[in-house]
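To start, the structure itself, in structure tokens.
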Amino acid sequence: MSKIVVVEDDPAISEMLVYHLQGLDYDVIHFEDGLSAKDYLIENECDLVLLDIMLPKYNGLDLCRELRQQKPQLPIMLLTSLDSEADRVVGLELGADDYLTKPFSLRECQARIKALLRRSQLPASKDKGEDPTNISFQELEINVDARFVAVDGVKVELTAKEFDLLLYLAQNKKKVFSRNQLLDSIWGYSHEGYEHTINTHINRLRKKLKRSDDKPDFIQTVWAVGYKFLDEE
């Protein structure tokens, strides 16, 4: 049974989430403020966090930053309002894996939760690539089984979604993918209006994988199309 922590101070939203997620046989724990949630999450394990941005005592963005520093692989989905685009971008930059904009449908919420849990709990795909357990490209090393990444021999700490995205591009380095294709392949959906998710994850990956010289980024932008992995040629 997957354990989901809901951090939401709106009683109507939190009660709805807890009731329906428990109905799907998830173990659900609810907190109304960020400070109580922080104390619990730092000391205990869970499989997914649904995190409201606007929280009393300790806001969701600060909590997202804290969790990402201490638990890089923990899936985090932000709950945001329609008029908080800047907060959504900041939250993704701090390490959130995905976000839902209020008001949202329960069906969409359930589908997105299942997609995040499925990707985080299964081992990385091995159906592509010459070596399913290790990918080497210039200074970049990817160990699929260990979900380990290094640049110039130095370990790079990636979130679960950052690793999945990097691996997918590296295993398909001759192909160019649109944002919607990447959303569908890595996040399990391709709804319009969620391009921030891809853009921010790509930017985070580029910063983390940056080499010390002027060599090009491992992930390249193909203007008006999307992204691809750096071609050897």
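Each chain in the structure tokens gets a letter, A, B, ..., in the order shown, and its residues are numbered from 1; ligands are numbered from 1 in order too.
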If you run DSSP on the backbone, which residues of segment 49-215 of chain A are helix (DSSP H, G or I), as number ranges by chain? A: 60-70, 85-93, 106-121, 160-171, 179-187, 195-208
I'd like the neighbourhood of Glu43 of chain A as a ChimeraX atom specification, where a residue qualifies if any of its atoms comes within 12 Å (using only C-alpha atoms), though same-chain residues fewer than 5 positions away should be ignored. /A:36-38,67,70-71
Residues of the last selection are to be written out with C-alpha atoms, as a short mmCIF file (atom, residue, chain, number, x, y, z; two decimals), in the first residue's frame.
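Generated file (again_15.cif):
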data_model
loop_
_atom_site.label_atom_id
_atom_site.label_comp_id
_atom_site.auth_asym_id
_atom_site.auth_seq_id
_atom_site.Cartn_x
_atom_site.Cartn_y
_atom_site.Cartn_z
CA SER A 36 3.84 19.79 11.17
CA ALA A 37 4.25 18.21 7.75
CA LYS A 38 7.96 19.05 7.70
CA LEU A 67 12.38 17.92 1.15
CA GLN A 70 17.02 15.75 2.14
CA LYS A 71 15.06 13.27 0.00
#
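Ranking A:Tyr19, A:Phe177, A:Phe31, A:Phe104 by their shortest atom-to-atom distance to Pro56 of chain A, with only C-alpha atoms included, puts A:Phe31 first.
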Mind dumping a table of every segment 39-91 of chain A residue within 12 Å of segment 194-218 of chain A, with the nearest atom pair and its distance in Å to one decimal, using only C-alpha atoms, sorted by chain and rising number, as JSON lines?
{"residue": "A:Met77", "atom": "CA", "partner": "A:Thr197", "partner_atom": "CA", "distance": 10.9}
{"residue": "A:Leu78", "atom": "CA", "partner": "A:Thr197", "partner_atom": "CA", "distance": 11.2}
{"residue": "A:Glu85", "atom": "CA", "partner": "A:His196", "partner_atom": "CA", "distance": 9.3}
{"residue": "A:Ala86", "atom": "CA", "partner": "A:His196", "partner_atom": "CA", "distance": 10.3}
{"residue": "A:Asp87", "atom": "CA", "partner": "A:His196", "partner_atom": "CA", "distance": 11.3}
{"residue": "A:Arg88", "atom": "CA", "partner": "A:His196", "partner_atom": "CA", "distance": 8.2}
{"residue": "A:Val89", "atom": "CA", "partner": "A:His196", "partner_atom": "CA", "distance": 6.6}
{"residue": "A:Val90", "atom": "CA", "partner": "A:Thr200", "partner_atom": "CA", "distance": 9.0}
{"residue": "A:Gly91", "atom": "CA", "partner": "A:Thr200", "partner_atom": "CA", "distance": 9.5}
Selected residues written out, C-alpha atoms, as a CSV table (one decimal), in the first residue's frame:
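File produced: result29.csv:
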chain,number,residue,atom,x,y,z
A,77,MET,CA,3.3,17.3,-6.6
A,78,LEU,CA,2.3,20.9,-6.0
A,85,GLU,CA,2.1,30.9,-12.3
A,86,ALA,CA,5.2,32.4,-10.8
A,87,ASP,CA,4.9,30.1,-7.8
A,88,ARG,CA,4.5,27.1,-10.0
A,89,VAL,CA,7.7,27.9,-11.9
A,90,VAL,CA,9.5,28.5,-8.6
A,91,GLY,CA,8.2,25.3,-7.2
Proximity of segment 40-155 of chain A to segment 220-230 of chain A: per-residue shortest pair, 12 Å limit, only C-alpha atoms, as a Markdown table:
| residue | atom | partner | partner_atom | distance |
| --- | --- | --- | --- | --- |
| A:Phe137 | CA | A:Leu230 | CA | 9.2 |
| A:Gln138 | CA | A:Leu230 | CA | 10.2 |
| A:Leu140 | CA | A:Leu230 | CA | 11.2 |
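Closest to Gln171 of chain A among A:Ser81, A:Gln73, A:Thr159, A:Ser136 is A:Ser136, based on only C-alpha atoms.
Nearest-residue note for Gly95 of chain A: choosing from A:Ala115, A:Val156, A:Ile142, A:Leu61, the minimum distance belongs to A:Leu61, counting only C-alpha atoms.
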As a check of understanding: the span from atom CA of Glu157 of chain A to atom CA of Ser185 of chain A is 21.9 Å
All residues 7 Å or closer to Ile186 of chain A, only C-alpha atoms, same chain fewer than 3 positions away omitted, as a list in words: Asp164, Leu165, Leu182 and Leu183 of chain A
Please return, as a PyMOL selection string, all residues of segment 141-230 of chain A that DSSP assigns to strand (DSSP E or B) on the basis of the backbone.
chain A and resi 141-143+148-151+154-156+177+219-222+226-229
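Proximity of A:Leu51, A:Leu166, A:Leu94, A:Leu116 to Phe148 of chain A, computed with only C-alpha atoms, is greatest for A:Leu166.
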As a check of understanding: the span from atom CA of Leu17 of chain A to atom CA of Gln69 of chain A is 26.4 Å
Within 6 Å of Val49 of chain A, counting only C-alpha atoms, which residues qualify if same-chain residues fewer than 3 places away don't, as a ChimeraX atom specification?
/A:4-5,76
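Across the structure, atom CA of Leu48 of chain A and atom CA of Gln22 of chain A are spaced 13.8 Å apart.
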Test item: residues at most 10 Å from Asp10 of chain A, only C-alpha atoms, excluding those fewer than 2 positions along its chain, as an MDAnalysis selection string: chainID A and resid 7:8 12:15 32 52 54:55
I'd like the neighbourhood of His20 of chain A as a PDB file with N, CA and C atoms, in the first residue's frame, where a residue qualifies if any of its atoms comes within 10 Å (using only C-alpha atoms), though same-chain residues fewer than 5 positions away should be ignored.
ATOM      1  N   GLU A  15     -10.314  17.241   2.707  1.00  0.00           N
ATOM      2  CA  GLU A  15     -11.263  16.162   2.993  1.00  0.00           C
ATOM      3  C   GLU A  15     -11.593  15.376   1.732  1.00  0.00           C
ATOM      4  N   ASP A  25      -7.396   2.770  -1.852  1.00  0.00           N
ATOM      5  CA  ASP A  25      -6.531   1.907  -1.034  1.00  0.00           C
ATOM      6  C   ASP A  25      -5.136   2.484  -0.809  1.00  0.00           C
ATOM      7  N   TYR A  26      -5.015   3.810  -0.842  1.00  0.00           N
ATOM      8  CA  TYR A  26      -3.765   4.437  -0.431  1.00  0.00           C
ATOM      9  C   TYR A  26      -3.807   4.690   1.075  1.00  0.00           C
ATOM     10  N   VAL A  28      -3.223   7.313   3.568  1.00  0.00           N
ATOM     11  CA  VAL A  28      -3.184   8.777   3.439  1.00  0.00           C
ATOM     12  C   VAL A  28      -3.023   9.429   4.808  1.00  0.00           C
ATOM     13  N   LEU A 106     -11.025  15.214  -9.765  1.00  0.00           N
ATOM     14  CA  LEU A 106     -10.507  14.066  -9.027  1.00  0.00           C
ATOM     15  C   LEU A 106      -9.928  13.021  -9.972  1.00  0.00           C
ATOM     16  N   ARG A 107     -10.565  12.864 -11.112  1.00  0.00           N
ATOM     17  CA  ARG A 107     -10.078  11.858 -12.058  1.00  0.00           C
ATOM     18  C   ARG A 107      -8.681  12.204 -12.547  1.00  0.00           C
ATOM     19  N   GLN A 110      -6.183  11.657  -9.635  1.00  0.00           N
ATOM     20  CA  GLN A 110      -5.896  10.247  -9.432  1.00  0.00           C
ATOM     21  C   GLN A 110      -4.963   9.712 -10.520  1.00  0.00           C
TER      22      GLN A 110
END
